[in-house]
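Novice: A single structure is presented below for examination.
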Amino acid sequence: MTDTTQTARSKSQQAYHWIKERIADQVFTPGYRLVLGTIATDLDMSVVPVREAIRQLEAEGLVTFERNVGARVSMVDDTQYRFSMQSLSILEGAATALAARRLTADDLRDARRINELMIETLAHFDPRAFTRLNQEFHATLFARCPNPRMLELVEAEWARLGHLRDSTFSFVPGRAQESVHEHENIVRLIERGAPLGEIEKAARRHRSATLDAYMIHEHPDEALGLPAF
């Protein structure tokens, strides 16, 4: 084995351990896109050993490579994610309905402004930025919920999701386009004073549709058995 080959393998292992440690420490959370050039720059090496490290991590199931997307951190165990999304669809739907009659014209303008920012991100899609705006949009609609216990539960599930994955939209970027249209529909329902049950159903279905899209993409064999939340 030549010195050059040994050096290349050494750098590959360096990159491998560097990336794996960040996945373990949740610096790189599920869905996080691993940009080879950026990692190579951080490690002061070429992309070749980084590519080898990514292949090794892919073989271990820690990284998923997808055409036209690239390498991203895998959702290693997504059971807790599913539980949180199912819970959030019900809790957030109810909180949004309970808050609906308390929202002001300024609140609804803010919600629309945030949704417009989300639409603007679609051209050069950044899943993490989109997710931050998405959370801000929904918080605007449910923040005036008069039930403090329900608000605590909603916020706890949002926080749990933040620990479980970087962004659902990293896995199913096509869902983002549908999501902003559903946002507009929810705002319109609130504006026209729709029955609270109708608002609750729209908010609940909106949240569960993101889980459905994820399941169809990641677990198509299980998607047919999804309950209609």
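Letters A, B, ... mark the chains of the structure tokens in the order given; residue numbers begin at 1 per chain; ligand numbers begin at 1, in order shown.
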For range 79-82 of chain A, work out the shell of residues within 10 Å, counting only C-alpha atoms and skipping chain neighbours fewer than 5 positions away, then give it as a list in words.

Specialist: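 Contacts, in chain order: Ser87, Leu88, Glu157, Arg160, Leu161, Gly162, His163, Leu164, Arg165, Thr168, Ser208, Leu211, Asp212, Tyr214 and Met215 of chain A.
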
Novice: Can I get the residues of range 26-87 of chain A within 10 Å of range 115-130 of chain A, each with the closest pair of atoms and their distance in Å to one decimal, using only C-alpha atoms, sorted chain first then ascending number, as a Markdown table?

Specialist:
| residue | atom | partner | partner_atom | distance |
| --- | --- | --- | --- | --- |
| A:Gly31 | CA | A:Pro127 | CA | 9.0 |
| A:Tyr32 | CA | A:Arg128 | CA | 8.6 |
| A:Arg33 | CA | A:Pro127 | CA | 9.4 |

Novice: Contacts of Pro49 in chain A at 9 Å or less, counting only C-alpha atoms, minus same-chain residues fewer than 5 places along, as a VMD selection string?

Specialist: chain A and resid 8 to 16 40 54

Novice: Okay, now the selection with N, CA and C atoms, as a PDB file, in the first residue's frame?

Specialist:
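And here's again_21.pdb as it stands now:
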ATOM      1  N   ALA A   8      -5.037   8.787   2.086  1.00  0.00           N
ATOM      2  CA  ALA A   8      -6.426   8.929   1.655  1.00  0.00           C
ATOM      3  C   ALA A   8      -7.361   8.192   2.603  1.00  0.00           C
ATOM      4  N   ARG A   9      -6.957   6.960   3.000  1.00  0.00           N
ATOM      5  CA  ARG A   9      -7.783   6.177   3.924  1.00  0.00           C
ATOM      6  C   ARG A   9      -7.842   6.838   5.292  1.00  0.00           C
ATOM      7  N   SER A  10      -6.713   7.389   5.726  1.00  0.00           N
ATOM      8  CA  SER A  10      -6.667   8.070   7.012  1.00  0.00           C
ATOM      9  C   SER A  10      -7.614   9.267   7.020  1.00  0.00           C
ATOM     10  N   LYS A  11      -7.616  10.032   5.944  1.00  0.00           N
ATOM     11  CA  LYS A  11      -8.504  11.195   5.851  1.00  0.00           C
ATOM     12  C   LYS A  11      -9.958  10.760   5.769  1.00  0.00           C
ATOM     13  N   SER A  12     -10.195   9.649   5.056  1.00  0.00           N
ATOM     14  CA  SER A  12     -11.545   9.132   4.957  1.00  0.00           C
ATOM     15  C   SER A  12     -12.074   8.744   6.331  1.00  0.00           C
ATOM     16  N   GLN A  13     -11.233   8.098   7.140  1.00  0.00           N
ATOM     17  CA  GLN A  13     -11.633   7.712   8.490  1.00  0.00           C
ATOM     18  C   GLN A  13     -11.813   8.932   9.386  1.00  0.00           C
ATOM     19  N   GLN A  14     -10.988   9.933   9.170  1.00  0.00           N
ATOM     20  CA  GLN A  14     -11.137  11.184   9.928  1.00  0.00           C
ATOM     21  C   GLN A  14     -12.502  11.812   9.635  1.00  0.00           C
ATOM     22  N   ALA A  15     -12.845  11.875   8.341  1.00  0.00           N
ATOM     23  CA  ALA A  15     -14.139  12.431   7.943  1.00  0.00           C
ATOM     24  C   ALA A  15     -15.286  11.580   8.477  1.00  0.00           C
ATOM     25  N   TYR A  16     -15.108  10.262   8.396  1.00  0.00           N
ATOM     26  CA  TYR A  16     -16.131   9.325   8.874  1.00  0.00           C
ATOM     27  C   TYR A  16     -16.441   9.562  10.353  1.00  0.00           C
ATOM     28  N   ALA A  40     -15.712  19.055   3.410  1.00  0.00           N
ATOM     29  CA  ALA A  40     -14.305  18.999   2.994  1.00  0.00           C
ATOM     30  C   ALA A  40     -13.570  20.274   3.398  1.00  0.00           C
ATOM     31  N   ILE A  54     -18.925   9.168   3.482  1.00  0.00           N
ATOM     32  CA  ILE A  54     -20.375   9.162   3.299  1.00  0.00           C
ATOM     33  C   ILE A  54     -20.849   7.780   2.859  1.00  0.00           C
TER      34      ILE A  54
END

Novice: Given the choices A:His219, A:Lys20, A:Arg102, A:Arg192, which gets closest to Pro146 in chain A if the distance is worked out from only C-alpha atoms?

Specialist: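 Selected residue with least distance to Pro146 in chain A: A:Arg102.
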
Novice: Looking only at helix (DSSP H, G or I) from DSSP on the backbone, list the matching residues of range 14-173 of chain A as a ChimeraX atom specification.

Specialist: /A:14-24,36-43,47-59,79-100,105-121,127-142,148-164,168-171

Novice: For a quick check of understanding, using only C-alpha atoms, which of A:Pro195, A:Thr210, A:Leu43, A:Ile90 has the smallest distance to Trp18 in chain A?

Specialist: A:Leu43

Novice: Considering only C-alpha atoms, state which residue in the set A:Trp158, A:Phe28, A:Phe142, A:Phe137 is at the smallest distance from Ala100 in chain A.

Specialist: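 Counting only C-alpha atoms, the residue closest to Ala100 in chain A is A:Phe142.
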
Novice: May I ask for the distance between CA of Asp107 in chain A and CA of Glu136 in chain A, given in Å to one decimal place?

Specialist: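 Computing it gives 11.6 Å between the two atoms.
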
Novice: Find the distance between CA of Ile114 in chain A and CA of Thr131 in chain A and write it in Å to one decimal.

Specialist: 11.5 Å
